[in-house]
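Visitor: Here's a structure for you.
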Amino acid sequence: MAVQALYYSERDGLEMALKHPDTMLFSSKAEADARDKVLELAEEITQFLQARVEGMDEAMAEKAALAIAEEKDLFGKALKKPSLLNEQAQPDSD
């Protein structure tokens with residue numbers, strides 16, 4: 001019987017990672033660390049949005065912030081070419 005180590009971000013928590021193993025459990029520490037960095041960025045963006053966008057509730061700020069953080073490379077490129085934001089395929093609605 002083989003043993004495989006799995007990693008998860010502490011920001012997600014083990015319970016959440018086990019509920020969503022396809023997206024929150026990783027086979028390497030580097031992948032889990034990368035997820036942790038996305039979540040850290042999302043937390044900062046959430047605070048920014050709540051401070052700057054009047055009337056934005058916490059839940060909406062968190063969803064928007066996570067979407068931005070997960071696509072940070074795209075947003076970085078879009079600073080030079082804004083049309084890139086909408087050239088990507090539209091995400092599935094939740």
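Labels used: A, B, ... for chains in the order of the structure tokens, numbers from 1 for residues in each chain, and numbers from 1 for ligands as shown.
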Within 12 Å of range 7-17 of chain A, counting only C-alpha atoms, which residues qualify if same-chain residues fewer than 4 places away don't, as an MDAnalysis selection string?
Guide: chainID A and resid 21:43
Visitor: Compile the contact shell of Ala64 in chain A as a PyMOL selection string: residues with an atom at most 8 Å away, counting only C-alpha atoms, same-chain residues fewer than 4 positions apart removed.
Guide: chain A and resi 46+60+68
Visitor: What does the file look like for those residues with N, CA, C and O atoms, as a PDB file, in the first residue's frame?
Guide:
```
ATOM      1  N   THR A  46     -10.063  42.255  -0.234  1.00  0.00           N
ATOM      2  CA  THR A  46     -11.373  42.373   0.419  1.00  0.00           C
ATOM      3  C   THR A  46     -11.437  43.642   1.260  1.00  0.00           C
ATOM      4  O   THR A  46     -12.402  44.418   1.164  1.00  0.00           O
ATOM      5  N   MET A  60     -19.834  39.900  -0.842  1.00  0.00           N
ATOM      6  CA  MET A  60     -19.547  40.276  -2.235  1.00  0.00           C
ATOM      7  C   MET A  60     -18.086  40.687  -2.377  1.00  0.00           C
ATOM      8  O   MET A  60     -17.428  40.337  -3.359  1.00  0.00           O
ATOM      9  N   ILE A  68     -10.279  38.188  -8.233  1.00  0.00           N
ATOM     10  CA  ILE A  68      -9.147  39.027  -8.641  1.00  0.00           C
ATOM     11  C   ILE A  68      -7.829  38.362  -8.257  1.00  0.00           C
ATOM     12  O   ILE A  68      -6.896  38.291  -9.066  1.00  0.00           O
TER      13      ILE A  68
END
```
Visitor: As JSON, numbers by chain, please: every residue in range 5-61 of chain A that DSSP puts in helix (DSSP H, G or I).
Guide: {"A": [14, 15, 16, 17, 18, 19, 21, 22, 23, 24, 29, 30, 31, 32, 33, 34, 35, 36, 37, 38, 39, 40, 41, 42, 43, 44, 45, 46, 47, 48, 49, 50, 51, 52, 58, 59, 60, 61]}
Visitor: Restricting the calculation to only C-alpha atoms: of A:Ala69, A:Leu18, A:Asn86, A:Phe75, which residue gets closest to Glu44 in chain A?
Guide: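 The answer is A:Ala69, which sits nearest to Glu44 in chain A.
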Visitor: Between CA of His20 in chain A and CA of Leu6 in chain A, what is the distance in Å, rounded to a tenth?
Guide: 13.1 Å
Visitor: Please report the interatomic distance between CA of Lys19 in chain A and CA of Met1 in chain A in Å with one decimal.
Guide: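 Rounded to one decimal, the two atoms are 24.3 Å apart.
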